[in-house]
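Q: Data file structure.pdb (PDB, C-alpha atoms) is appended below.
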```pdb
ATOM      1  CA  THR F  24      66.804 109.429  92.673
ATOM      2  CA  GLN F  25      67.529 113.090  93.286
ATOM      3  CA  VAL F  26      66.561 114.344  96.733
ATOM      4  CA  ASP F  27      65.035 117.818  97.034
ATOM      5  CA  SER F  28      67.340 120.168  98.944
ATOM      6  CA  ALA F  29      64.425 120.968 101.293
ATOM      7  CA  PHE F  30      64.916 117.482 102.780
ATOM      8  CA  TYR F  31      68.639 117.897 103.432
ATOM      9  CA  GLN F  32      69.584 117.515 107.069
ATOM     10  CA  LEU F  33      72.722 118.533 108.924
ATOM     11  CA  TRP F  34      72.904 115.525 111.244
ATOM     12  CA  HIS F  35      73.467 111.885 110.392
ATOM     13  CA  THR F  36      72.417 108.669 112.065
ATOM     14  CA  PRO F  37      74.753 105.713 112.651
ATOM     15  CA  CYS F  38      73.219 103.823 109.701
ATOM     16  CA  GLU F  39      74.123 106.768 107.432
ATOM     17  CA  LEU F  40      77.627 107.227 108.841
ATOM     18  CA  PHE F  41      78.594 103.552 108.898
ATOM     19  CA  GLN F  42      76.721 102.182 105.894
ATOM     20  CA  PRO F  43      76.452  99.420 104.957
ATOM     21  CA  HIS F  44      78.205  97.913 107.999
ATOM     22  CA  TYR F  45      75.679  99.145 110.562
ATOM     23  CA  CYS F  46      72.756  97.653 108.645
ATOM     24  CA  ASN F  47      74.694  94.467 107.910
ATOM     25  CA  SER F  48      75.165  93.916 111.648
ATOM     26  CA  ILE F  49      71.416  94.350 112.185
ATOM     27  CA  GLY F  50      70.773  91.998 109.266
ATOM     28  CA  ASN F  51      73.127  89.380 110.712
ATOM     29  CA  TYR F  52      71.296  89.613 114.043
ATOM     30  CA  LEU F  53      67.948  89.151 112.286
ATOM     31  CA  LEU F  54      69.225  86.118 110.365
ATOM     32  CA  LYS F  55      70.686  84.575 113.521
ATOM     33  CA  ASN F  56      67.320  84.875 115.299
ATOM     34  CA  TYR F  57      65.052  84.295 112.304
ATOM     35  CA  GLN F  58      62.703  81.365 112.935
ATOM     36  CA  GLY F  59      61.810  80.774 109.285
ATOM     37  CA  VAL F  60      58.351  82.327 109.561
ATOM     38  CA  ASP F  61      57.337  83.763 106.196
ATOM     39  CA  PRO F  62      57.458  86.614 105.742
ATOM     40  CA  LEU F  63      59.735  88.351 108.223
ATOM     41  CA  VAL F  64      57.766  91.499 109.132
ATOM     42  CA  LEU F  65      59.760  94.609 110.054
ATOM     43  CA  TYR F  66      58.567  98.002 111.335
ATOM     44  CA  GLU F  67      60.728 101.106 111.358
ATOM     45  CA  PHE F  68      59.395 104.143 113.201
ATOM     46  CA  GLY F  69      60.731 107.500 112.048
ATOM     47  CA  PRO F  70      62.776 106.216 109.098
ATOM     48  CA  GLY F  71      63.861 109.698 107.994
ATOM     49  CA  ASN F  72      65.790 109.434 104.719
ATOM     50  CA  GLY F  73      65.220 105.667 104.489
ATOM     51  CA  THR F  74      68.913 104.720 104.740
ATOM     52  CA  LEU F  75      68.367 101.863 107.180
ATOM     53  CA  CYS F  76      65.509 100.495 105.071
ATOM     54  CA  LYS F  77      67.506 100.726 101.833
ATOM     55  CA  ASN F  78      70.542  98.894 103.201
ATOM     56  CA  LEU F  79      68.579  96.323 105.205
ATOM     57  CA  CYS F  80      66.409  95.505 102.166
ATOM     58  CA  CYS F  81      69.563  94.929 100.104
ATOM     59  CA  PHE F  82      70.961  92.661 102.836
ATOM     60  CA  LEU F  83      67.741  90.626 103.145
ATOM     61  CA  ASP F  84      67.348  90.357  99.363
ATOM     62  CA  GLU F  85      70.899  88.996  99.054
ATOM     63  CA  ALA F  86      70.183  86.521 101.875
ATOM     64  CA  GLY F  87      67.032  85.339 100.080
ATOM     65  CA  ILE F  88      64.707  86.171 102.971
ATOM     66  CA  ASN F  89      61.025  86.810 102.297
ATOM     67  CA  TYR F  90      60.139  89.986 104.210
ATOM     68  CA  GLU F  91      57.757  92.909 104.506
ATOM     69  CA  TYR F  92      59.220  96.252 105.606
ATOM     70  CA  ASN F  93      56.837  98.845 107.090
ATOM     71  CA  LEU F  94      57.906 102.484 107.320
ATOM     72  CA  VAL F  95      55.947 104.538 109.872
ATOM     73  CA  GLU F  96      56.605 108.262 109.420
ATOM     74  CA  ILE F  97      54.680 111.219 110.885
ATOM     75  CA  SER F  98      56.185 113.832 108.541
ATOM     76  CA  PRO F  99      54.290 114.151 105.238
ATOM     77  CA  MET F 100      57.446 115.487 103.530
ATOM     78  CA  LEU F 101      59.635 112.588 104.649
ATOM     79  CA  SER F 102      56.891 110.068 103.902
ATOM     80  CA  SER F 103      56.701 111.474 100.371
ATOM     81  CA  LEU F 104      60.485 111.153 100.016
ATOM     82  CA  GLN F 105      60.375 107.525 101.184
ATOM     83  CA  LYS F 106      57.588 106.713  98.714
ATOM     84  CA  GLN F 107      59.754 108.111  95.909
ATOM     85  CA  LEU F 108      62.814 106.135  97.017
ATOM     86  CA  PHE F 109      60.992 102.809  97.385
ATOM     87  CA  SER F 110      58.292 103.154  94.716
ATOM     88  CA  ALA F 111      59.641 100.137  92.813
ATOM     89  CA  SER F 112      59.649  97.842  95.861
ATOM     90  CA  LYS F 113      56.590  95.746  96.539
ATOM     91  CA  LYS F 114      58.040  94.691  99.911
ATOM     92  CA  VAL F 115      58.117  98.192 101.451
ATOM     93  CA  LYS F 116      54.835  99.555 102.853
ATOM     94  CA  PHE F 117      54.170 103.119 104.035
ATOM     95  CA  VAL F 118      52.201 104.422 106.997
ATOM     96  CA  ASN F 119      52.036 108.232 107.227
ATOM     97  CA  ARG F 120      50.825 108.720 110.805
ATOM     98  CA  SER F 121      52.044 109.082 114.355
ATOM     99  CA  PHE F 122      53.215 106.006 116.256
TER     100      PHE F 122
END
```
Please, can you express the file's structure as structure tokens?
A:
Amino acid sequence: TQVDSAFYQLWHTPCELFQPHYCNSIGNYLLKNYQGVDPLVLYEFGPGNGTLCKNLCCFLDEAGINYEYNLVEISPMLSSLQKQLFSASKKVKFVNRSF
């Protein structure tokens, strides 16, 4: 998916700089503490470009975990970008409002 240049940012988060290792470490922590409750429900506040969500969803899919991933984003532009990136996923939900 091509990202509009209006969304380009000059800073990067650890999950963008160290992907997929950063998200894999979070995924390993989740698996270690997962109690087998279906589905595993995740909330990410201020997901920005969606890098953490993308990599964590890949990790959980490979691990065979049933999950629901909720993205809570205040910015209408970033929320629109996230909806484009994850439009094919039925496991990712979108909330465009303030925490």
Q: Once the PyMOL selection byres ((chain F and resi 108) around 10) has been evaluated on this model, what residues remain selected, and can you format them as a list in words?
A: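 This file, filtered by the PyMOL selection byres ((chain F and resi 108) around 10), leaves Thr24, Gln25, Val26, Asn72, Gly73, Thr74, Lys77, Ser102, Ser103, Leu104, Gln105, Lys106, Gln107, Phe109, Ser110, Ala111 and Ser112 of chain F.
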Q: Between F:Val64, F:Leu54, F:Cys38, F:Met100, single out the one closest to Ala86 in chain F, counting all atoms listed in the file.
A: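 Checking each candidate against Ala86 in chain F, we get F:Leu54 as the closest.
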Q: Given the file shown, determine the residues that the PyMOL selection byres ((chain F and resi 48) around 12) selects; report them as a ChimeraX atom specification.
A: /F:37-38,41-47,49-55,75,78-79,82-83
Q: When you count all atoms listed in the file, which of these residues is closest to Val60 in chain F: F:Asn89, F:Phe117, F:Phe122, F:Pro99?
A: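 Looking at the shortest contact to Val60 in chain F, the residue is F:Asn89.
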Q: What separation in Å, quoted to one decimal, exists between CA of Gln58 in chain F and CA of Glu96 in chain F?
A: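 Separation between CA of Gln58 in chain F and CA of Glu96 in chain F: 27.8 Å.
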Q: Take the point (58.5, 106.2, 109.9) in the file's coordinates, draw a sphere of radius 7 Å around it, and report as a list of chain:residue names every protein, DNA or RNA residue with an atom inside or on it, counting all atoms listed in the file.
A: F:Glu67, F:Phe68, F:Gly69, F:Pro70, F:Gly71, F:Leu94, F:Val95, F:Glu96, F:Ile97
Q: Could you write those residues out with C-alpha atoms, as an mmCIF file, keeping the file's coordinate frame?
A:
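again14.cif, freshly written:
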```cif
data_model
loop_
_atom_site.group_PDB
_atom_site.id
_atom_site.type_symbol
_atom_site.label_atom_id
_atom_site.label_comp_id
_atom_site.auth_asym_id
_atom_site.auth_seq_id
_atom_site.Cartn_x
_atom_site.Cartn_y
_atom_site.Cartn_z
ATOM 1 C CA GLU F 67 60.728 101.106 111.358
ATOM 2 C CA PHE F 68 59.395 104.143 113.201
ATOM 3 C CA GLY F 69 60.731 107.500 112.048
ATOM 4 C CA PRO F 70 62.776 106.216 109.098
ATOM 5 C CA GLY F 71 63.861 109.698 107.994
ATOM 6 C CA LEU F 94 57.906 102.484 107.320
ATOM 7 C CA VAL F 95 55.947 104.538 109.872
ATOM 8 C CA GLU F 96 56.605 108.262 109.420
ATOM 9 C CA ILE F 97 54.680 111.219 110.885
#
```
Q: Taking all atoms listed in the file into account, name the residue in F:Leu33, F:Leu40, F:Val115, F:Leu63 that is nearest to Cys76 in chain F.
A: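 Of the candidates, the smallest distance to Cys76 in chain F is held by F:Val115.
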Q: Nearest to Ser121 in chain F: which of F:Ser98, F:Pro62, F:Ile88, F:Thr36 is it, counting all atoms listed in the file?
A: F:Ser98
Q: Record the distance separating CA of Cys80 in chain F and CA of Tyr92 in chain F, expressed in Å with one decimal.
A: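 So the answer is 8.0 Å.
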Q: Calculate, to one decimal in Å, the centre and edge lengths of the box along x, y and z of the file that holds all listed atoms of range 42-49 of chain F with 6 Å of margin on each side, and present them as AutoDock Vina command-line options.
A:
```
--center_x 74.8 --center_y 98.0 --center_z 108.6 --size_x 18.8 --size_y 20.3 --size_z 19.2
```
Q: Rounded to one decimal place, report the CA of Arg120 in chain F-CA of Cys81 in chain F distance in Å.
A: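 For CA of Arg120 in chain F relative to CA of Cys81 in chain F, the distance reads 25.6 Å.
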